[in-house]
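The file model-v2.pdb comes next; it holds PDB, C-alpha atoms.
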ATOM      1  CA  MET A   1       0.161  93.369  11.387
ATOM      2  CA  ARG A   2      -1.318  91.336   8.535
ATOM      3  CA  LYS A   3      -1.904  93.018   5.220
ATOM      4  CA  ILE A   4      -4.721  92.074   2.856
ATOM      5  CA  LEU A   5      -3.751  92.274  -0.780
ATOM      6  CA  SER A   6      -6.023  91.915  -3.800
ATOM      7  CA  ILE A   7      -5.723  88.784  -5.880
ATOM      8  CA  LEU A   8      -3.573  89.330  -8.920
ATOM      9  CA  PHE A   9      -4.117  87.598 -12.230
ATOM     10  CA  CYS A  10      -1.374  86.980 -14.721
ATOM     11  CA  ILE A  11      -1.709  86.494 -18.494
ATOM     12  CA  LEU A  12       1.084  84.201 -19.557
ATOM     13  CA  PRO A  13       2.708  84.368 -22.969
ATOM     14  CA  LEU A  14       2.171  81.457 -25.319
ATOM     15  CA  LEU A  15       5.215  79.257 -25.119
ATOM     16  CA  ASN A  16       6.324  76.384 -27.251
ATOM     17  CA  TRP A  17       6.959  73.884 -24.469
ATOM     18  CA  ALA A  18       9.305  71.016 -25.159
ATOM     19  CA  GLN A  19       9.195  67.811 -23.163
ATOM     20  CA  GLU A  20      12.883  67.510 -22.354
ATOM     21  CA  ASN A  21      15.398  69.672 -20.533
ATOM     22  CA  THR A  22      16.779  72.516 -22.632
ATOM     23  CA  ILE A  23      19.456  75.226 -22.376
ATOM     24  CA  SER A  24      19.345  78.426 -24.406
ATOM     25  CA  ILE A  25      22.250  80.883 -24.515
ATOM     26  CA  THR A  26      21.730  84.576 -25.337
ATOM     27  CA  ASP A  27      24.055  87.581 -25.311
ATOM     28  CA  SER A  28      22.929  88.498 -21.792
ATOM     29  CA  SER A  29      21.817  85.285 -20.081
ATOM     30  CA  LYS A  30      21.541  81.506 -19.959
ATOM     31  CA  ILE A  31      17.986  80.109 -19.877
ATOM     32  CA  GLU A  32      17.638  76.565 -18.566
ATOM     33  CA  THR A  33      14.301  74.698 -18.582
ATOM     34  CA  LYS A  34      13.856  71.526 -16.528
ATOM     35  CA  TYR A  35      10.916  69.093 -16.486
ATOM     36  CA  PHE A  36       9.827  67.144 -13.388
ATOM     37  CA  VAL A  37       7.009  64.813 -14.429
ATOM     38  CA  ASP A  38       6.661  63.148 -11.013
ATOM     39  CA  ILE A  39       5.816  66.467  -9.306
ATOM     40  CA  ASN A  40       3.967  68.075 -12.235
ATOM     41  CA  SER A  41       6.512  70.856 -12.600
ATOM     42  CA  ILE A  42       8.371  72.841 -15.249
ATOM     43  CA  ARG A  43      11.128  75.069 -13.861
ATOM     44  CA  VAL A  44      12.806  77.857 -15.802
ATOM     45  CA  PHE A  45      16.071  79.468 -14.664
ATOM     46  CA  ASN A  46      17.076  82.678 -16.444
ATOM     47  CA  GLU A  47      20.610  83.428 -15.225
ATOM     48  CA  VAL A  48      22.003  86.868 -16.088
ATOM     49  CA  ASN A  49      25.617  86.736 -17.248
ATOM     50  CA  TYR A  50      28.259  87.812 -14.694
ATOM     51  CA  LYS A  51      25.712  89.252 -12.223
ATOM     52  CA  PHE A  52      24.711  86.156 -10.163
ATOM     53  CA  ILE A  53      21.065  87.118 -10.739
ATOM     54  CA  ASN A  54      18.634  84.321 -11.637
ATOM     55  CA  TYR A  55      15.025  84.991 -12.647
ATOM     56  CA  TYR A  56      13.075  81.894 -11.647
ATOM     57  CA  SER A  57       9.646  80.730 -12.761
ATOM     58  CA  GLU A  58       7.794  77.466 -12.282
ATOM     59  CA  TYR A  59       4.783  76.140 -14.202
ATOM     60  CA  TYR A  60       2.299  73.297 -13.715
ATOM     61  CA  LEU A  61       3.364  70.651 -16.236
ATOM     62  CA  ASP A  62      -0.144  69.512 -17.128
ATOM     63  CA  THR A  63      -1.690  72.966 -17.713
ATOM     64  CA  LYS A  64       1.417  75.119 -18.382
ATOM     65  CA  LYS A  65      -0.017  77.728 -15.996
ATOM     66  CA  LEU A  66       2.324  79.761 -13.790
ATOM     67  CA  LYS A  67       2.890  78.274 -10.335
ATOM     68  CA  GLN A  68       5.686  80.396  -8.840
ATOM     69  CA  GLU A  69       7.934  83.317  -9.794
ATOM     70  CA  GLY A  70      10.746  85.226  -8.137
ATOM     71  CA  THR A  71      14.415  86.219  -8.264
ATOM     72  CA  TYR A  72      17.602  84.742  -6.801
ATOM     73  CA  ASP A  73      20.755  86.724  -6.024
ATOM     74  CA  HIS A  74      23.832  84.541  -5.420
ATOM     75  CA  GLY A  75      21.456  81.639  -4.775
ATOM     76  CA  TYR A  76      19.312  83.485  -2.199
ATOM     77  CA  PRO A  77      15.711  84.638  -2.851
ATOM     78  CA  ILE A  78      15.277  88.421  -3.031
ATOM     79  CA  GLY A  79      12.439  90.826  -3.728
ATOM     80  CA  LEU A  80       8.850  89.730  -4.328
ATOM     81  CA  TRP A  81       7.970  86.052  -4.814
ATOM     82  CA  LYS A  82       4.469  84.814  -5.743
ATOM     83  CA  GLU A  83       2.835  81.377  -5.803
ATOM     84  CA  TYR A  84      -0.413  80.527  -7.642
ATOM     85  CA  SER A  85      -2.881  77.640  -7.539
ATOM     86  CA  GLN A  86      -3.698  75.545 -10.608
ATOM     87  CA  ASP A  87      -6.768  77.692 -11.306
ATOM     88  CA  GLY A  88      -4.580  80.815 -11.451
ATOM     89  CA  LYS A  89      -5.423  82.301  -8.044
ATOM     90  CA  LEU A  90      -2.719  83.845  -5.885
ATOM     91  CA  ILE A  91      -1.968  81.651  -2.844
ATOM     92  CA  HIS A  92       0.612  83.815  -1.116
ATOM     93  CA  GLU A  93       3.403  86.275  -1.772
ATOM     94  CA  THR A  94       6.637  86.901   0.060
ATOM     95  CA  ASN A  95       8.737  90.055   0.040
ATOM     96  CA  TYR A  96      12.211  88.880   1.011
ATOM     97  CA  ASN A  97      13.591  92.418   1.132
ATOM     98  CA  ASP A  98      11.083  93.558   3.762
ATOM     99  CA  SER A  99      10.500  90.134   5.431
ATOM    100  CA  ILE A 100       6.754  90.338   4.780
ATOM    101  CA  TRP A 101       4.580  87.293   4.048
ATOM    102  CA  CYS A 102       1.037  87.872   2.772
ATOM    103  CA  LEU A 103      -1.220  84.809   2.751
ATOM    104  CA  GLN A 104      -4.226  84.951   0.418
ATOM    105  CA  ASN A 105      -5.653  81.449   0.819
ATOM    106  CA  ARG A 106      -5.400  79.611   4.129
ATOM    107  CA  LEU A 107      -6.677  76.350   2.627
ATOM    108  CA  TYR A 108      -3.232  75.692   1.202
ATOM    109  CA  PHE A 109      -1.628  75.995   4.671
ATOM    110  CA  ARG A 110      -3.261  73.360   6.893
ATOM    111  CA  PHE A 111      -1.575  74.503  10.098
ATOM    112  CA  PHE A 112      -1.740  78.254   9.618
ATOM    113  CA  ASP A 113      -4.121  78.712  12.592
ATOM    114  CA  LEU A 114      -1.652  76.827  14.804
ATOM    115  CA  GLN A 115       1.198  78.996  13.531
ATOM    116  CA  LEU A 116      -0.857  82.122  14.223
ATOM    117  CA  LYS A 117      -1.626  80.875  17.740
ATOM    118  CA  MET A 118       2.077  80.359  18.456
ATOM    119  CA  LYS A 119       2.978  83.746  17.006
ATOM    120  CA  ASN A 120       0.420  85.392  19.298
ATOM    121  CA  LYS A 121       2.069  83.653  22.272
ATOM    122  CA  ALA A 122       5.512  84.857  21.217
ATOM    123  CA  ASP A 123       4.169  88.391  20.637
ATOM    124  CA  SER A 124       2.689  88.353  24.133
ATOM    125  CA  LEU A 125       5.989  87.241  25.661
ATOM    126  CA  ILE A 126       7.711  90.314  24.238
ATOM    127  CA  ALA A 127       4.934  92.709  25.248
ATOM    128  CA  ILE A 128       4.657  91.319  28.795
ATOM    129  CA  THR A 129       8.417  91.066  29.419
ATOM    130  CA  TYR A 130       9.102  94.567  28.150
ATOM    131  CA  SER A 131       5.964  96.617  27.378
ATOM    132  CA  GLN A 132       3.165  96.905  24.850
ATOM    133  CA  GLU A 133       4.602 100.280  23.845
ATOM    134  CA  PHE A 134       7.950  98.670  23.038
ATOM    135  CA  PHE A 135       6.225  95.967  20.981
ATOM    136  CA  ASP A 136       4.064  98.420  19.035
ATOM    137  CA  LYS A 137       6.841 100.933  18.307
ATOM    138  CA  HIS A 138       9.917  98.762  17.848
ATOM    139  CA  ILE A 139       9.059  95.164  16.955
ATOM    140  CA  GLU A 140       8.650  93.656  13.480
ATOM    141  CA  PHE A 141       8.054  89.949  12.910
ATOM    142  CA  ASN A 142      10.608  88.446  10.504
ATOM    143  CA  SER A 143       8.803  85.591   8.754
ATOM    144  CA  MET A 144      11.838  84.879   6.550
ATOM    145  CA  GLY A 145      13.984  84.153   9.605
ATOM    146  CA  SER A 146      11.309  82.087  11.386
ATOM    147  CA  PHE A 147      10.849  78.315  11.156
ATOM    148  CA  ILE A 148       8.462  75.446  11.835
ATOM    149  CA  LYS A 149       9.516  71.839  12.204
ATOM    150  CA  ASN A 150       8.593  68.358  13.333
ATOM    151  CA  GLY A 151      10.489  65.081  13.414
ATOM    152  CA  LYS A 152      10.718  64.910   9.614
ATOM    153  CA  GLU A 153      10.494  68.478   8.310
ATOM    154  CA  ASN A 154      12.292  71.750   9.013
ATOM    155  CA  LEU A 155      10.843  74.614   6.959
ATOM    156  CA  ARG A 156      10.567  78.377   6.843
ATOM    157  CA  TRP A 157       7.511  79.991   8.388
ATOM    158  CA  ASN A 158       5.954  80.652   4.964
ATOM    159  CA  GLU A 159       6.528  77.171   3.524
ATOM    160  CA  LYS A 160       3.878  74.438   3.394
ATOM    161  CA  ILE A 161       4.505  71.680   5.925
ATOM    162  CA  ARG A 162       2.939  68.249   5.415
ATOM    163  CA  ASN A 163       2.683  67.128   9.031
ATOM    164  CA  LYS A 164       1.733  69.019  12.176
ATOM    165  CA  PRO A 165       4.631  71.180  13.415
ATOM    166  CA  THR A 166       5.836  70.562  16.948
ATOM    167  CA  ASN A 167       8.493  73.263  17.244
ATOM    168  CA  PHE A 168       8.258  76.959  16.387
ATOM    169  CA  THR A 169      11.163  79.396  16.076
ATOM    170  CA  LEU A 170      10.140  83.042  15.697
ATOM    171  CA  ASN A 171      12.551  85.855  14.854
ATOM    172  CA  TYR A 172      11.865  89.549  15.329
ATOM    173  CA  ASP A 173      13.610  92.667  14.069
ATOM    174  CA  ILE A 174      13.972  95.800  16.196
ATOM    175  CA  ARG A 175      12.954  99.054  14.512
ATOM    176  CA  LEU A 176      14.610 101.991  16.217
ATOM    177  CA  ASP A 177      12.860 104.482  13.938
ATOM    178  CA  PRO A 178      11.593 104.467  10.320
ATOM    179  CA  LYS A 179      15.157 104.755   8.976
ATOM    180  CA  HIS A 180      16.937 102.248  11.226
ATOM    181  CA  THR A 181      15.882  98.602  11.548
ATOM    182  CA  TYR A 182      18.133  95.869  12.976
ATOM    183  CA  LYS A 183      17.540  92.275  11.868
ATOM    184  CA  ASP A 184      17.019  89.201  14.055
ATOM    185  CA  MET A 185      17.327  90.883  17.441
ATOM    186  CA  ILE A 186      14.840  88.686  19.323
ATOM    187  CA  ARG A 187      14.536  84.928  18.837
ATOM    188  CA  ILE A 188      11.845  82.880  20.582
ATOM    189  CA  GLU A 189      11.565  79.095  20.398
ATOM    190  CA  LEU A 190       8.328  77.392  21.502
ATOM    191  CA  ASP A 191       7.447  73.719  21.880
ATOM    192  CA  SER A 192       4.207  72.076  20.746
ATOM    193  CA  THR A 193       2.315  73.503  23.744
ATOM    194  CA  GLY A 194       3.629  77.031  23.320
ATOM    195  CA  ARG A 195       6.141  76.768  26.163
ATOM    196  CA  PHE A 196       9.306  78.872  25.822
ATOM    197  CA  ILE A 197      12.456  76.796  25.243
ATOM    198  CA  PRO A 198      15.601  78.436  26.686
ATOM    199  CA  ASP A 199      18.889  77.910  24.881
ATOM    200  CA  ASP A 200      22.526  78.604  25.679
ATOM    201  CA  ALA A 201      23.663  79.148  22.062
ATOM    202  CA  TYR A 202      25.764  82.290  21.713
ATOM    203  CA  TRP A 203      25.247  82.960  17.989
ATOM    204  CA  TYR A 204      21.651  84.239  18.199
ATOM    205  CA  PRO A 205      19.716  86.298  20.777
ATOM    206  CA  GLN A 206      17.359  83.706  22.255
ATOM    207  CA  GLY A 207      16.071  85.077  25.527
ATOM    208  CA  PHE A 208      15.328  88.390  27.195
ATOM    209  CA  GLU A 209      17.024  91.161  29.129
ATOM    210  CA  LYS A 210      15.944  91.623  32.734
ATOM    211  CA  LEU A 211      15.244  95.309  33.239
ATOM    212  CA  PRO A 212      14.892  97.161  36.550
ATOM    213  CA  ASN A 213      11.349  98.087  37.515
ATOM    214  CA  ASN A 214      12.180 101.786  37.893
ATOM    215  CA  ILE A 215      12.634 102.417  34.154
ATOM    216  CA  LYS A 216      10.140 102.547  31.331
ATOM    217  CA  LYS A 217      10.571  99.265  29.496
ATOM    218  CA  THR A 218      10.910 100.647  25.994
ATOM    219  CA  PHE A 219      13.733 102.207  24.019
ATOM    220  CA  LYS A 220      14.363 105.799  25.057
ATOM    221  CA  LEU A 221      17.355 106.097  22.741
ATOM    222  CA  ASN A 222      16.981 108.692  19.974
ATOM    223  CA  PHE A 223      19.313 108.299  16.995
ATOM    224  CA  ASP A 224      19.954 111.998  16.415
ATOM    225  CA  SER A 225      20.640 112.624  20.093
ATOM    226  CA  VAL A 226      23.155 109.805  20.511
ATOM    227  CA  TYR A 227      24.826 110.794  17.232
ATOM    228  CA  LYS A 228      25.503 114.241  18.713
ATOM    229  CA  ILE A 229      26.847 112.647  21.888
ATOM    230  CA  ALA A 230      29.172 110.387  19.873
ATOM    231  CA  LYS A 231      30.472 113.416  17.930
ATOM    232  CA  TYR A 232      31.047 115.261  21.207
ATOM    233  CA  ASN A 233      33.085 112.251  22.376
ATOM    234  CA  GLY A 234      35.375 112.098  19.352
ATOM    235  CA  LEU A 235      33.375 110.765  16.389
ATOM    236  CA  ILE A 236      34.573 112.518  13.219
ATOM    237  CA  GLU A 237      33.090 111.380   9.905
ATOM    238  CA  SER A 238      34.432 111.874   6.390
ATOM    239  CA  ASP A 239      33.748 110.508   2.915
ATOM    240  CA  THR A 240      36.091 107.601   3.589
ATOM    241  CA  SER A 241      35.323 107.077   7.270
ATOM    242  CA  GLU A 242      31.598 106.934   7.903
ATOM    243  CA  ALA A 243      30.130 105.475  11.084
ATOM    244  CA  THR A 244      27.659 102.590  11.114
ATOM    245  CA  THR A 245      25.329 101.466  13.877
ATOM    246  CA  VAL A 246      24.259  98.114  15.292
ATOM    247  CA  ILE A 247      22.232  96.853  18.205
ATOM    248  CA  LYS A 248      24.591  94.450  19.920
ATOM    249  CA  TRP A 249      23.411  91.710  22.237
ATOM    250  CA  GLU A 250      25.573  90.033  24.838
ATOM    251  CA  SER A 251      24.562  86.587  26.049
ATOM    252  CA  SER A 252      25.281  84.882  29.359
ATOM    253  CA  ASN A 253      25.438  81.583  27.399
ATOM    254  CA  LYS A 254      23.090  80.002  29.920
ATOM    255  CA  PRO A 255      19.773  78.301  29.029
ATOM    256  CA  GLU A 256      17.664  80.779  30.992
ATOM    257  CA  PHE A 257      14.762  83.109  30.184
ATOM    258  CA  TYR A 258      16.767  86.196  31.169
ATOM    259  CA  ASN A 259      20.164  85.824  29.520
ATOM    260  CA  LEU A 260      20.675  88.871  27.251
ATOM    261  CA  ASN A 261      21.950  92.411  27.498
ATOM    262  CA  TYR A 262      21.367  94.910  24.663
ATOM    263  CA  LYS A 263      23.669  97.790  23.751
ATOM    264  CA  PHE A 264      23.610 100.310  20.897
ATOM    265  CA  TYR A 265      26.926 100.765  19.053
ATOM    266  CA  PHE A 266      28.218 103.590  16.886
ATOM    267  CA  ILE A 267      31.083 101.939  14.952
ATOM    268  CA  GLN A 268      33.826 103.622  12.955
ATOM    269  CA  LYS A 269      36.685 101.713  11.322
ATOM    270  CA  TYR A 270      40.036 103.460  11.607
ATOM    271  CA  LYS A 271      42.451 100.807  10.271
ATOM    272  CA  SER A 272      42.613  97.558   8.306
ATOM    273  CA  GLU A 273      45.469  95.079   8.325
ATOM    274  CA  LYS A 274      45.833  92.208   5.850
ATOM    275  CA  ILE A 275      48.177  89.348   6.666
ATOM    276  CA  ASP A 276      49.092  86.704   4.091
ATOM    277  CA  GLY A 277      48.344  83.164   5.173
ATOM    278  CA  GLU A 278      49.922  79.800   4.523
ATOM    279  CA  ARG A 279      48.652  76.625   2.815
ATOM    280  CA  TYR A 280      44.828  76.537   3.042
ATOM    281  CA  LEU A 281      44.610  79.879   4.869
ATOM    282  CA  LEU A 282      44.713  82.536   2.134
ATOM    283  CA  TYR A 283      44.856  85.612   4.347
ATOM    284  CA  ILE A 284      43.758  87.192   7.622
ATOM    285  CA  LEU A 285      42.027  90.569   7.634
ATOM    286  CA  ASN A 286      41.948  92.556  10.879
ATOM    287  CA  ASP A 287      39.617  95.559  11.002
ATOM    288  CA  TYR A 288      40.061  98.006  13.886
ATOM    289  CA  TYR A 289      37.223 100.186  15.180
ATOM    290  CA  ASN A 290      36.396 102.991  17.550
ATOM    291  CA  VAL A 291      33.070 102.159  19.192
ATOM    292  CA  TRP A 292      30.724 104.453  21.101
ATOM    293  CA  ILE A 293      28.369 102.420  23.296
ATOM    294  CA  PHE A 294      24.905 103.458  24.544
ATOM    295  CA  ASN A 295      22.170 101.910  26.662
ATOM    296  CA  PRO A 296      19.152 101.735  24.306
ATOM    297  CA  TRP A 297      16.643 101.584  27.176
ATOM    298  CA  THR A 298      17.801 104.837  28.770
ATOM    299  CA  GLY A 299      19.673 106.549  25.932
ATOM    300  CA  GLU A 300      22.692 107.040  28.209
ATOM    301  CA  PHE A 301      26.263 107.061  26.901
ATOM    302  CA  VAL A 302      28.142 104.124  28.472
ATOM    303  CA  GLU A 303      31.710 104.283  27.133
ATOM    304  CA  LYS A 304      34.016 104.561  24.152
ATOM    305  CA  LYS A 305      36.324 101.643  23.418
ATOM    306  CA  LYS A 306      38.503 100.119  20.713
ATOM    307  CA  MET A 307      37.384  96.847  19.161
ATOM    308  CA  ILE A 308      38.570  94.459  16.447
ATOM    309  CA  SER A 309      36.991  92.069  13.951
ATOM    310  CA  THR A 310      39.041  89.297  12.321
ATOM    311  CA  TYR A 311      38.192  87.521   9.071
ATOM    312  CA  GLU A 312      40.092  84.381   8.035
ATOM    313  CA  ALA A 313      39.796  83.526   4.326
ATOM    314  CA  GLU A 314      40.296  79.884   3.360
ATOM    315  CA  GLN A 315      39.864  77.958   0.125
ATOM    316  CA  GLY A 316      36.209  78.370  -0.859
ATOM    317  CA  HIS A 317      35.005  79.917   2.393
ATOM    318  CA  GLY A 318      35.923  82.069   5.387
ATOM    319  CA  ARG A 319      34.971  82.835   8.949
ATOM    320  CA  SER A 320      34.675  85.987  11.016
ATOM    321  CA  SER A 321      35.287  86.461  14.710
ATOM    322  CA  GLY A 322      32.695  89.207  14.987
ATOM    323  CA  LEU A 323      33.333  92.392  16.900
ATOM    324  CA  HIS A 324      35.180  91.995  20.195
ATOM    325  CA  ASP A 325      37.375  94.025  22.540
ATOM    326  CA  LEU A 326      40.856  94.942  21.371
ATOM    327  CA  LYS A 327      43.347  93.676  23.951
TER     328      LYS A 327
END

Can you dump the structure from the file as structure tokens?
Amino acid sequence: MRKILSILFCILPLLNWAQENTISITDSSKIETKYFVDINSIRVFNEVNYKFINYYSEYYLDTKKLKQEGTYDHGYPIGLWKEYSQDGKLIHETNYNDSIWCLQNRLYFRFFDLQLKMKNKADSLIAITYSQEFFDKHIEFNSMGSFIKNGKENLRWNEKIRNKPTNFTLNYDIRLDPKHTYKDMIRIELDSTGRFIPDDAYWYPQGFEKLPNNIKKTFKLNFDSVYKIAKYNGLIESDTSEATTVIKWESSNKPEFYNLNYKFYFIQKYKSEKIDGERYLLYILNDYYNVWIFNPWTGEFVEKKKMISTYEAEQGHGRSSGLHDLK
């Protein structure tokens, strides 16, 4: 659902612009200003001390008018970002927290109509494969996790691409109810003609679940109901042992249209185990869980099992195994 927002105008403070890069240190932050003459840009980074928060703003070099503003957290954009044209009009704004992109001026996005056409095809695939009711009640388009690309460019859905895109990757969140939304649960890749491209990658849910014809193809699962069932089957929460929930997808790892199987998990950690590593491996962290598993399409309780997740910390980075059966 597209939202129409009124154009916002911004009165900028008068600034004494220098013509060379500068760094200013205050009690609470470091402010760095960089000049890019070749792209008509002034970029200001206001980094808050010890919080990994960076307030970013960009100005047109020739007019000193605001071009873009937003906030980074640990290097990733968060919250509301806005971009303006040289005459001060809002072009588009992106809410990274809610994955919402609002376009005010299509003229700045040459291929927006093509993107919209491909999104409509992907929307239809979900509605036809499952049901229109499922799409209307449970599906949210995630523009931040969606991409367009061609032979030279690979950009996010809301970024301006110079040449005509030939590949479209669209990600969708599943909204169980107003309080519970699960990110990136459906991924659809289309070629330049809008044809679905199957993939056998196991790290994202690209494909669909084949459902029997004798069930209503929408989620019947109710959070409060399955919570009661999990408690009846041994779930006991406390201040230090709360349960979390995820929608888990299992892939056949085959490049086919039907290659997924969705389950709803109630997860409760009951033990952690840290093991010191050697040389480049700093440590291994094993987290142990009780998991109550439900079929989201029918709401039926499937089983309770024990599972484990392993994290290996190395110099400068780490990797996680994800949740898998405890053997």

Point (9.6, 84.4, 17.1), cut-off 12 Å, counting all atoms listed in the file, residues as JSON, numbers by chain: {"A": [115, 116, 117, 118, 119, 120, 121, 122, 123, 124, 125, 126, 139, 140, 141, 142, 143, 144, 145, 146, 147, 148, 156, 157, 167, 168, 169, 170, 171, 172, 173, 184, 185, 186, 187, 188, 189, 190, 191, 194, 196, 197, 205, 206, 207]}

Exercise on segment 307-318 of chain A, axis-aligned box with 6 Å per side, report centre and edge lengths in Å to one decimal, as lines of an AutoDock Vina configuration file:
center_x = 37.7
center_y = 87.4
center_z = 9.2
size_x = 17.3
size_y = 30.9
size_z = 32.0

Contacts of His92 of chain A within 6 Å, all atoms listed in the file, excl. fewer than 2 positions in-chain, as a PyMOL selection string: chain A and resi 83+90+102-104

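The closest residue to Asn21 of chain A, picked from A:Phe266, A:Tyr182, A:Tyr50, A:Tyr35 and counting all atoms listed in the file, is A:Tyr35.
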
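You can rank A:Lys51, A:Lys263, A:Lys304, A:Lys164 by their closest distance to Tyr232 of chain A using only C-alpha atoms, and at the top of that list sits A:Lys304.
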
Residue among A:Gln68, A:Asn95, A:Thr245, A:Asn290 lying closest to Lys82 of chain A, counting only C-alpha atoms: A:Gln68

What's the 9 Å shell around Lys217 of chain A, counting all atoms listed in the file, without same-chain residues fewer than 4 positions away, as a PDB file with C-alpha atoms, in the frame of the given file?
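Done, and the output landed in result24.pdb:
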ATOM      1  CA  THR A 129       8.417  91.066  29.419  1.00  0.00           C
ATOM      2  CA  TYR A 130       9.102  94.567  28.150  1.00  0.00           C
ATOM      3  CA  SER A 131       5.964  96.617  27.378  1.00  0.00           C
ATOM      4  CA  GLU A 133       4.602 100.280  23.845  1.00  0.00           C
ATOM      5  CA  PHE A 134       7.950  98.670  23.038  1.00  0.00           C
ATOM      6  CA  LEU A 211      15.244  95.309  33.239  1.00  0.00           C
ATOM      7  CA  PRO A 212      14.892  97.161  36.550  1.00  0.00           C
ATOM      8  CA  ASN A 213      11.349  98.087  37.515  1.00  0.00           C
ATOM      9  CA  TRP A 297      16.643 101.584  27.176  1.00  0.00           C
TER      10      TRP A 297
END

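If you measure from each of A:Phe112, A:Ile25, A:Phe223, A:Asn163 to Glu300 of chain A using all atoms listed in the file, the closest one turns out to be A:Phe223.
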
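Take atom CA of Thr63 of chain A and atom CA of Asp87 of chain A: the distance between them is 9.4 Å.
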
For this structure, which residues satisfy the selection - the PyMOL selection byres ((chain A and resi 324) around 7) - when it is evaluated on the file as given? I want them as a PDB file with C-alpha atoms, keeping the file's coordinate frame.
ATOM      1  CA  MET A 307      37.384  96.847  19.161  1.00  0.00           C
ATOM      2  CA  ILE A 308      38.570  94.459  16.447  1.00  0.00           C
ATOM      3  CA  SER A 309      36.991  92.069  13.951  1.00  0.00           C
ATOM      4  CA  GLY A 322      32.695  89.207  14.987  1.00  0.00           C
ATOM      5  CA  LEU A 323      33.333  92.392  16.900  1.00  0.00           C
ATOM      6  CA  ASP A 325      37.375  94.025  22.540  1.00  0.00           C
ATOM      7  CA  LEU A 326      40.856  94.942  21.371  1.00  0.00           C
TER       8      LEU A 326
END

Test item: which residues lie within 10 Å of (15.3, 104.1, 27.9) counting only C-alpha atoms, as an MDAnalysis selection string: chainID A and resid 215:222 295:300
